[in-house]
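What follows is the content of final-v2.tsv (TSV, C-alpha atoms and all ligand atoms).
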chain	number	residue	atom	x	y	z
A	1	MET	CA	6.95	-12.05	9.88
A	2	ASN	CA	10.41	-10.64	10.51
A	3	PHE	CA	12.27	-8.07	8.39
A	4	ASP	CA	14.52	-10.63	6.66
A	5	GLU	CA	11.54	-12.83	5.70
A	6	LEU	CA	9.52	-9.85	4.47
A	7	THR	CA	12.35	-8.62	2.24
A	8	GLY	CA	13.73	-11.85	0.74
A	9	ARG	CA	16.99	-11.80	2.67
A	10	VAL	CA	16.44	-15.34	4.00
A	11	SER	CA	14.67	-18.49	2.75
A	12	ASN	CA	15.22	-20.97	5.59
A	13	HIS	CA	11.51	-20.76	6.54
A	14	LEU	CA	10.63	-22.16	3.09
A	15	ILE	CA	11.02	-25.57	1.45
A	16	SER	CA	12.44	-26.77	-1.84
A	17	TYR	CA	10.42	-28.46	-4.56
A	18	GLN	CA	11.49	-30.06	-7.82
A	19	GLU	CA	9.28	-29.88	-10.92
A	20	ASN	CA	10.10	-30.52	-14.59
A	21	GLU	CA	13.76	-30.99	-13.53
A	22	GLN	CA	13.94	-27.52	-11.95
A	23	GLN	CA	14.36	-26.53	-8.33
A	24	PHE	CA	11.96	-24.10	-6.69
A	25	ILE	CA	11.87	-22.59	-3.20
A	26	ILE	CA	8.34	-22.14	-1.88
A	27	ASP	CA	6.19	-21.84	1.23
A	28	LYS	CA	4.90	-25.28	2.28
A	29	ASP	CA	1.19	-24.31	2.43
A	30	THR	CA	1.51	-22.64	-0.96
A	31	LEU	CA	2.98	-25.84	-2.41
A	32	LYS	CA	0.12	-27.89	-0.98
A	33	ALA	CA	-2.47	-25.51	-2.47
A	34	PHE	CA	-0.62	-25.50	-5.80
A	35	LYS	CA	-0.65	-29.31	-5.96
A	36	GLU	CA	-4.39	-29.36	-5.21
A	37	LEU	CA	-5.07	-26.83	-7.94
A	38	LYS	CA	-2.85	-28.78	-10.31
A	39	SER	CA	-4.83	-32.00	-9.74
A	40	ARG	CA	-8.16	-30.20	-10.20
A	41	LEU	CA	-6.98	-28.86	-13.58
A	42	LYS	CA	-5.57	-32.18	-14.80
A	43	PRO	CA	-8.88	-33.57	-16.18
A	44	PHE	CA	-8.95	-30.61	-18.59
A	45	ASP	CA	-5.64	-31.72	-20.13
A	46	ILE	CA	-3.76	-28.99	-18.26
A	47	ASN	CA	-0.41	-29.56	-16.57
A	48	LEU	CA	-0.24	-26.60	-14.19
A	49	SER	CA	3.44	-25.78	-13.68
A	50	LEU	CA	5.62	-23.13	-12.10
A	51	VAL	CA	7.53	-20.38	-13.86
A	52	SER	CA	8.73	-19.00	-10.54
A	53	SER	CA	7.99	-19.00	-6.82
A	54	TYR	CA	10.36	-17.55	-4.17
A	55	ARG	CA	12.90	-15.06	-5.47
A	56	SER	CA	15.72	-13.75	-3.26
A	57	PHE	CA	16.60	-10.14	-2.54
A	58	GLU	CA	19.89	-10.56	-4.43
A	59	ALA	CA	18.18	-12.04	-7.52
A	60	GLN	CA	15.70	-9.15	-7.55
A	61	LYS	CA	18.51	-6.62	-7.11
A	62	LYS	CA	20.32	-7.99	-10.16
A	63	ILE	CA	17.17	-7.50	-12.29
A	64	TRP	CA	16.63	-4.02	-10.85
A	65	ASN	CA	20.18	-2.79	-11.42
A	66	GLU	CA	20.25	-4.10	-14.99
A	67	LYS	CA	17.05	-2.24	-15.80
A	68	ALA	CA	18.13	0.88	-13.92
A	69	THR	CA	21.37	1.08	-15.92
A	70	GLY	CA	19.74	0.42	-19.29
A	71	LYS	CA	21.18	-3.08	-19.72
A	72	ARG	CA	17.74	-4.68	-19.87
A	73	LYS	CA	14.79	-3.66	-22.01
A	74	LEU	CA	12.15	-1.37	-20.46
A	75	LEU	CA	8.50	-1.74	-21.42
A	76	SER	CA	5.61	0.68	-21.13
A	77	ARG	CA	2.34	-0.30	-19.48
A	78	THR	CA	1.02	-1.28	-22.92
A	79	GLY	CA	4.11	-3.29	-23.83
A	80	GLU	CA	6.05	-0.93	-26.11
A	81	THR	CA	9.80	-0.48	-25.65
A	82	ILE	CA	10.72	2.71	-23.78
A	83	ASN	CA	13.81	4.80	-24.61
A	84	TYR	CA	16.00	4.66	-21.48
A	85	ASP	CA	17.69	8.02	-22.20
A	86	SER	CA	14.38	9.90	-22.37
A	87	LEU	CA	13.43	9.22	-18.73
A	88	SER	CA	14.00	11.21	-15.55
A	89	ASP	CA	15.15	9.17	-12.54
A	90	LEU	CA	11.60	8.99	-11.14
A	91	GLU	CA	10.14	8.07	-14.53
A	92	LEU	CA	12.74	5.32	-14.79
A	93	ILE	CA	11.77	3.97	-11.35
A	94	GLU	CA	8.08	4.02	-12.35
A	95	ALA	CA	8.82	2.25	-15.63
A	96	ILE	CA	10.75	-0.50	-13.85
A	97	MET	CA	8.18	-0.92	-11.06
A	98	THR	CA	5.36	-1.42	-13.56
A	99	TRP	CA	6.91	-4.80	-14.43
A	100	SER	CA	9.58	-5.57	-11.81
A	101	ALA	CA	9.56	-5.06	-8.08
A	102	LEU	CA	12.12	-3.18	-6.06
A	103	PRO	CA	14.55	-5.60	-4.41
A	104	GLY	CA	13.20	-6.33	-0.94
A	105	ALA	CA	9.69	-5.28	-2.01
A	106	SER	CA	8.60	-8.17	-4.23
A	107	ARG	CA	5.74	-10.39	-3.12
A	108	HIS	CA	7.84	-13.25	-4.53
A	109	HIS	CA	10.17	-12.83	-1.53
A	110	TRP	CA	7.46	-14.35	0.67
A	111	GLY	CA	7.27	-17.82	-0.90
A	112	THR	CA	3.47	-17.47	-1.05
A	113	GLU	CA	3.45	-16.22	-4.66
A	114	ILE	CA	3.68	-18.27	-7.86
A	115	ASP	CA	3.77	-17.49	-11.57
A	116	ILE	CA	2.13	-20.33	-13.48
A	117	PHE	CA	1.82	-21.82	-16.98
A	118	ASP	CA	0.61	-24.98	-18.71
A	119	SER	CA	3.57	-27.23	-19.53
A	120	ASN	CA	1.36	-29.32	-21.84
A	121	ILE	CA	1.51	-26.38	-24.27
A	122	LYS	CA	5.17	-25.38	-24.18
A	123	GLU	CA	8.37	-25.68	-22.19
A	124	LYS	CA	9.16	-23.15	-19.48
A	125	SER	CA	12.04	-21.62	-21.44
A	126	PHE	CA	9.56	-20.56	-24.15
A	127	VAL	CA	7.10	-18.90	-21.76
A	128	SER	CA	6.93	-15.10	-22.15
A	129	LEU	CA	4.31	-14.22	-19.49
A	130	THR	CA	2.30	-11.73	-21.54
A	131	ILE	CA	-1.43	-11.04	-21.72
A	132	ASP	CA	-1.37	-12.11	-25.36
A	133	GLU	CA	0.11	-15.49	-24.40
A	134	CYS	CA	-2.56	-16.00	-21.70
A	135	GLU	CA	-5.36	-15.26	-24.16
A	136	ASN	CA	-4.02	-17.40	-27.00
A	137	ASP	CA	-1.49	-20.15	-26.18
A	138	PHE	CA	-2.83	-20.71	-22.66
A	139	LYS	CA	-6.52	-20.12	-23.41
A	140	ASN	CA	-7.49	-23.57	-22.11
A	141	LEU	CA	-5.62	-23.01	-18.84
A	142	TYR	CA	-7.12	-19.58	-18.16
A	143	THR	CA	-10.67	-20.63	-19.07
A	144	HIS	CA	-10.60	-23.38	-16.43
A	145	LEU	CA	-8.37	-21.55	-13.95
A	146	ASN	CA	-10.86	-18.70	-13.64
A	147	GLN	CA	-13.49	-21.23	-12.54
A	148	GLU	CA	-11.22	-23.22	-10.22
A	149	LEU	CA	-9.87	-20.11	-8.48
A	150	LEU	CA	-13.35	-19.41	-7.11
A	151	ASN	CA	-12.96	-22.50	-4.87
A	152	SER	CA	-9.28	-22.09	-4.27
A	153	THR	CA	-7.15	-20.62	-1.51
A	154	PHE	CA	-5.33	-18.56	-4.14
A	155	TYR	CA	-6.24	-15.13	-5.45
A	156	ARG	CA	-4.76	-12.70	-7.97
A	157	PRO	CA	-3.30	-9.48	-6.48
A	158	TYR	CA	-2.57	-8.14	-9.99
A	159	SER	CA	-5.78	-9.06	-11.80
A	160	LYS	CA	-6.52	-5.42	-12.68
A	161	ASP	CA	-4.28	-2.59	-13.84
A	162	LEU	CA	-4.69	-0.05	-11.02
A	163	GLY	CA	-1.91	2.21	-12.27
A	164	GLY	CA	0.75	0.45	-10.17
A	165	VAL	CA	2.02	-3.00	-11.09
A	166	SER	CA	0.69	-4.03	-14.50
A	167	ARG	CA	-1.94	-6.75	-14.97
A	168	GLU	CA	-0.48	-10.22	-14.31
A	169	PRO	CA	-3.08	-13.02	-14.62
A	170	TRP	CA	-0.32	-15.63	-14.17
A	171	HIS	CA	0.56	-14.39	-10.68
A	172	LEU	CA	-1.24	-16.29	-7.89
A	173	SER	CA	-1.00	-15.56	-4.19
A	174	LEU	CA	-1.88	-17.80	-1.24
A	175	LYS	CA	-4.65	-15.78	0.38
A	176	ASN	CA	-4.38	-15.90	4.17
A	177	LYS	CA	-0.65	-16.30	4.50
A	178	SER	CA	0.28	-13.58	2.00
A	179	ASP	CA	-2.16	-11.26	3.80
A	180	GLN	CA	-0.03	-11.68	6.94
A	181	TYR	CA	3.09	-10.66	5.02
A	182	PHE	CA	1.21	-7.82	3.33
A	183	ASN	CA	-0.06	-6.47	6.66
A	184	ASP	CA	3.40	-6.64	8.22
A	185	TYR	CA	4.98	-4.93	5.21
A	186	SER	CA	4.65	-1.36	6.48
A	187	LEU	CA	6.07	1.90	5.12
A	188	ASP	CA	8.75	1.62	7.82
A	189	VAL	CA	9.80	-1.79	6.49
A	190	PHE	CA	9.80	-0.40	2.94
A	191	ILE	CA	12.08	2.52	3.89
A	192	LYS	CA	14.39	0.46	6.11
A	193	ASN	CA	14.75	-2.05	3.26
A	194	ILE	CA	15.93	0.65	0.84
A	195	GLN	CA	18.24	2.20	3.41
A	196	GLU	CA	19.87	-1.18	4.03
A	197	SER	CA	20.24	-2.04	0.32
A	198	ASN	CA	23.85	-1.74	-0.80
A	199	GLU	CA	24.77	-0.97	-4.41
A	200	LEU	CA	21.14	-0.25	-5.27
A	201	VAL	CA	20.94	1.98	-8.37
A	202	LEU	CA	18.61	5.03	-7.93
A	203	LYS	CA	18.59	4.57	-4.14
A	204	GLU	CA	18.40	8.29	-3.30
A	205	THR	CA	15.47	8.98	-5.65
A	206	ILE	CA	13.63	5.93	-4.30
A	207	LEU	CA	14.03	7.23	-0.74
A	208	GLU	CA	12.89	10.75	-1.73
A	209	ASN	CA	9.69	9.25	-3.22
A	210	ALA	CA	9.21	6.42	-0.71
A	211	ASN	CA	5.66	7.32	0.38
A	212	TYR	CA	4.37	7.62	-3.19
A	213	LEU	CA	6.10	4.42	-4.41
A	214	PHE	CA	4.86	2.44	-1.41
A	215	ASP	CA	1.25	3.53	-1.98
A	216	GLN	CA	1.27	3.14	-5.75
A	217	TYR	CA	3.19	-0.14	-6.19
A	218	ILE	CA	3.03	-2.06	-2.89
A	219	GLN	CA	-0.32	-1.23	-1.33
A	220	ASN	CA	-2.20	-0.80	-4.61
A	221	ILE	CA	-3.37	-4.38	-5.34
A	222	THR	CA	-6.63	-6.06	-6.29
A	223	LYS	CA	-8.16	-7.36	-3.06
A	301	ZN	ZN	4.70	-13.02	-10.14
Target encoding structure tokens, full file:
Amino acid sequence: MNFDELTGRVSNHLISYQENEQQFIIDKDTLKAFKELKSRLKPFDINLSLVSSYRSFEAQKKIWNEKATGKRKLLSRTGETINYDSLSDLELIEAIMTWSALPGASRHHWGTEIDIFDSNIKEKSFVSLTIDECENDFKNLYTHLNQELLNSTFYRPYSKDLGGVSREPWHLSLKNKSDQYFNDYSLDVFIKNIQESNELVLKETILENANYLFDQYIQNITK
């Protein structure tokens, strides 16, 4: 996988897909696996649907810069609001990376990652993607999904809180293909990506802590 594909700077290797009147960009094998999983869940009155798939570098940078400048709410690992002014630069980076990836370092750049919900329960615009929502509103989905995933080509890289990215049961990853991206996403790629990111807030502190951030938030997944 080349640098631009690894870091969300291009999407011409991916395809577009329309669902519930929304456009998504996604890897073709991931779409096929998603449709198979969707049809296996249908008999349980579940309409497996996408919250998001591919996200571009620029889209991720917008989220990052809004959080890094205090324009978007910051949440602790346990979901409480954090006071922006109380944080050092590194603490701010850690708080953002618990819930949002660095631009150029999101698995969603690869097209092999999807965030899912059950559109039989609510519309996408009402989905909050929280653990509480998974356990209550989407209980039916997660009960059956846990079974179906055993025979699926998907797995969950964020199924456990390992002190890096928080637990995200809704995030599914296409096993073999995302492993190729993961293996190619080296520390060198991580550092080059930050160096080549223009107008990235906290850039210097990210570079000073590159080894630690790479280990804690990129490499540290549930295998
Ligand atoms: Zn996700």
message: 6 Å from ligand ZN 301 (chain A) is the threshold here; counting only C-alpha atoms and all ligand atoms, which polymer residues fall inside it? Answer as a PyMOL selection string.
response: chain A and resi 114-115+171
- request: Select, counting all atoms listed in the file, all protein, DNA and RNA residues no farther than 12 Å from (-0.4, -26.9, -4.2) in file coordinates, and express the selection as an MDAnalysis selection string.
  value: chainID A and resid 17 26:41 48:50 53 112:114 116 152:154 172:174
- request: Go through A:Ile15, A:Leu150, A:Val201, A:Val10 and flag the residue nearest A:Trp64, using all atoms listed in the file for the distances.
  value: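 Closest residue, counting all atoms listed in the file: A:Val201.
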- line: Restricting to only C-alpha atoms, whichever of A:Met1, A:Met97, A:Leu202, A:Ile218 is closest to A:Ser166 is A:Met97
- prompt: Of the candidates A:Asp184, A:Glu94, A:Glu123, A:Glu5, which shows the shortest atom-to-atom distance to A:Ser76, using all atoms listed in the file?
  reply: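 Looking at the shortest contact to A:Ser76, the residue is A:Glu94.
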Gap from atom CA of A:Arg156 to atom CA of A:Phe117 - Å, one decimal: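 If I compute the distance from atom CA of A:Arg156 to atom CA of A:Phe117, I get 14.4 Å.
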query: Please, what distance in Å, to one decimal, runs between atom CA of A:Leu200 and atom CA of A:Pro103?
result: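 We find that atom CA of A:Leu200 and atom CA of A:Pro103 lie 8.5 Å from each other.
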- prompt: Quick one: distance from atom CA of A:Glu91 to atom CA of A:Arg72 in Å, one decimal?
  reply: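 Taking atom CA of A:Glu91 as the start and atom CA of A:Arg72 as the end point, the length is 15.8 Å.
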field: Counting only C-alpha atoms, the residue of A:Val51, A:Ile93, A:Ala101, A:Leu14 that sits nearest A:Gly70
entry: A:Ile93
- request: Give the answer as one residue: which of A:Asn47, A:Ser52, A:Ser88, A:Thr78 has the shortest atom-to-atom distance to A:Trp170, using all atoms listed in the file?
  value: A:Ser52
N, CA and C atoms restored at stretch 25-46 of chain A, emitted as a PDB file, in the frame of the given file:
ATOM      1  N   ILE A  25      11.996 -22.811  -4.650  1.00  0.00           N
ATOM      2  CA  ILE A  25      11.870 -22.590  -3.200  1.00  0.00           C
ATOM      3  C   ILE A  25      10.498 -21.976  -2.982  1.00  0.00           C
ATOM      4  N   ILE A  26       9.752 -22.513  -2.009  1.00  0.00           N
ATOM      5  CA  ILE A  26       8.340 -22.140  -1.880  1.00  0.00           C
ATOM      6  C   ILE A  26       7.857 -22.362  -0.441  1.00  0.00           C
ATOM      7  N   ASP A  27       6.845 -21.639  -0.061  1.00  0.00           N
ATOM      8  CA  ASP A  27       6.190 -21.840   1.230  1.00  0.00           C
ATOM      9  C   ASP A  27       5.428 -23.168   1.209  1.00  0.00           C
ATOM     10  N   LYS A  28       5.455 -23.913   2.299  1.00  0.00           N
ATOM     11  CA  LYS A  28       4.900 -25.280   2.280  1.00  0.00           C
ATOM     12  C   LYS A  28       3.375 -25.297   2.065  1.00  0.00           C
ATOM     13  N   ASP A  29       2.652 -24.364   2.641  1.00  0.00           N
ATOM     14  CA  ASP A  29       1.190 -24.310   2.430  1.00  0.00           C
ATOM     15  C   ASP A  29       0.851 -23.903   0.997  1.00  0.00           C
ATOM     16  N   THR A  30       1.705 -23.061   0.432  1.00  0.00           N
ATOM     17  CA  THR A  30       1.510 -22.640  -0.960  1.00  0.00           C
ATOM     18  C   THR A  30       1.722 -23.835  -1.900  1.00  0.00           C
ATOM     19  N   LEU A  31       2.726 -24.644  -1.597  1.00  0.00           N
ATOM     20  CA  LEU A  31       2.980 -25.840  -2.410  1.00  0.00           C
ATOM     21  C   LEU A  31       1.797 -26.803  -2.344  1.00  0.00           C
ATOM     22  N   LYS A  32       1.266 -26.989  -1.155  1.00  0.00           N
ATOM     23  CA  LYS A  32       0.120 -27.890  -0.980  1.00  0.00           C
ATOM     24  C   LYS A  32      -1.073 -27.385  -1.814  1.00  0.00           C
ATOM     25  N   ALA A  33      -1.346 -26.095  -1.724  1.00  0.00           N
ATOM     26  CA  ALA A  33      -2.470 -25.510  -2.470  1.00  0.00           C
ATOM     27  C   ALA A  33      -2.222 -25.589  -3.979  1.00  0.00           C
ATOM     28  N   PHE A  34      -0.980 -25.398  -4.376  1.00  0.00           N
ATOM     29  CA  PHE A  34      -0.620 -25.500  -5.800  1.00  0.00           C
ATOM     30  C   PHE A  34      -0.875 -26.914  -6.310  1.00  0.00           C
ATOM     31  N   LYS A  35      -0.464 -27.918  -5.532  1.00  0.00           N
ATOM     32  CA  LYS A  35      -0.650 -29.310  -5.960  1.00  0.00           C
ATOM     33  C   LYS A  35      -2.141 -29.667  -6.062  1.00  0.00           C
ATOM     34  N   GLU A  36      -2.939 -29.120  -5.153  1.00  0.00           N
ATOM     35  CA  GLU A  36      -4.390 -29.360  -5.210  1.00  0.00           C
ATOM     36  C   GLU A  36      -4.985 -28.736  -6.472  1.00  0.00           C
ATOM     37  N   LEU A  37      -4.582 -27.514  -6.747  1.00  0.00           N
ATOM     38  CA  LEU A  37      -5.070 -26.830  -7.940  1.00  0.00           C
ATOM     39  C   LEU A  37      -4.631 -27.568  -9.203  1.00  0.00           C
ATOM     40  N   LYS A  38      -3.405 -28.025  -9.174  1.00  0.00           N
ATOM     41  CA  LYS A  38      -2.850 -28.780 -10.310  1.00  0.00           C
ATOM     42  C   LYS A  38      -3.685 -30.044 -10.578  1.00  0.00           C
ATOM     43  N   SER A  39      -4.060 -30.772  -9.513  1.00  0.00           N
ATOM     44  CA  SER A  39      -4.830 -32.000  -9.740  1.00  0.00           C
ATOM     45  C   SER A  39      -6.263 -31.702 -10.181  1.00  0.00           C
ATOM     46  N   ARG A  40      -6.803 -30.565  -9.756  1.00  0.00           N
ATOM     47  CA  ARG A  40      -8.160 -30.200 -10.200  1.00  0.00           C
ATOM     48  C   ARG A  40      -8.181 -29.777 -11.674  1.00  0.00           C
ATOM     49  N   LEU A  41      -7.038 -29.300 -12.183  1.00  0.00           N
ATOM     50  CA  LEU A  41      -6.980 -28.860 -13.580  1.00  0.00           C
ATOM     51  C   LEU A  41      -6.593 -29.995 -14.546  1.00  0.00           C
ATOM     52  N   LYS A  42      -6.055 -31.066 -13.978  1.00  0.00           N
ATOM     53  CA  LYS A  42      -5.570 -32.180 -14.800  1.00  0.00           C
ATOM     54  C   LYS A  42      -6.622 -32.776 -15.744  1.00  0.00           C
ATOM     55  N   PRO A  43      -7.855 -32.995 -15.280  1.00  0.00           N
ATOM     56  CA  PRO A  43      -8.880 -33.570 -16.180  1.00  0.00           C
ATOM     57  C   PRO A  43      -9.142 -32.728 -17.435  1.00  0.00           C
ATOM     58  N   PHE A  44      -8.737 -31.473 -17.416  1.00  0.00           N
ATOM     59  CA  PHE A  44      -8.950 -30.610 -18.590  1.00  0.00           C
ATOM     60  C   PHE A  44      -7.717 -30.585 -19.496  1.00  0.00           C
ATOM     61  N   ASP A  45      -6.849 -31.603 -19.313  1.00  0.00           N
ATOM     62  CA  ASP A  45      -5.640 -31.720 -20.130  1.00  0.00           C
ATOM     63  C   ASP A  45      -4.671 -30.559 -19.886  1.00  0.00           C
ATOM     64  N   ILE A  46      -4.653 -30.087 -18.639  1.00  0.00           N
ATOM     65  CA  ILE A  46      -3.760 -28.990 -18.260  1.00  0.00           C
ATOM     66  C   ILE A  46      -2.712 -29.535 -17.296  1.00  0.00           C
TER      67      ILE A  46
END
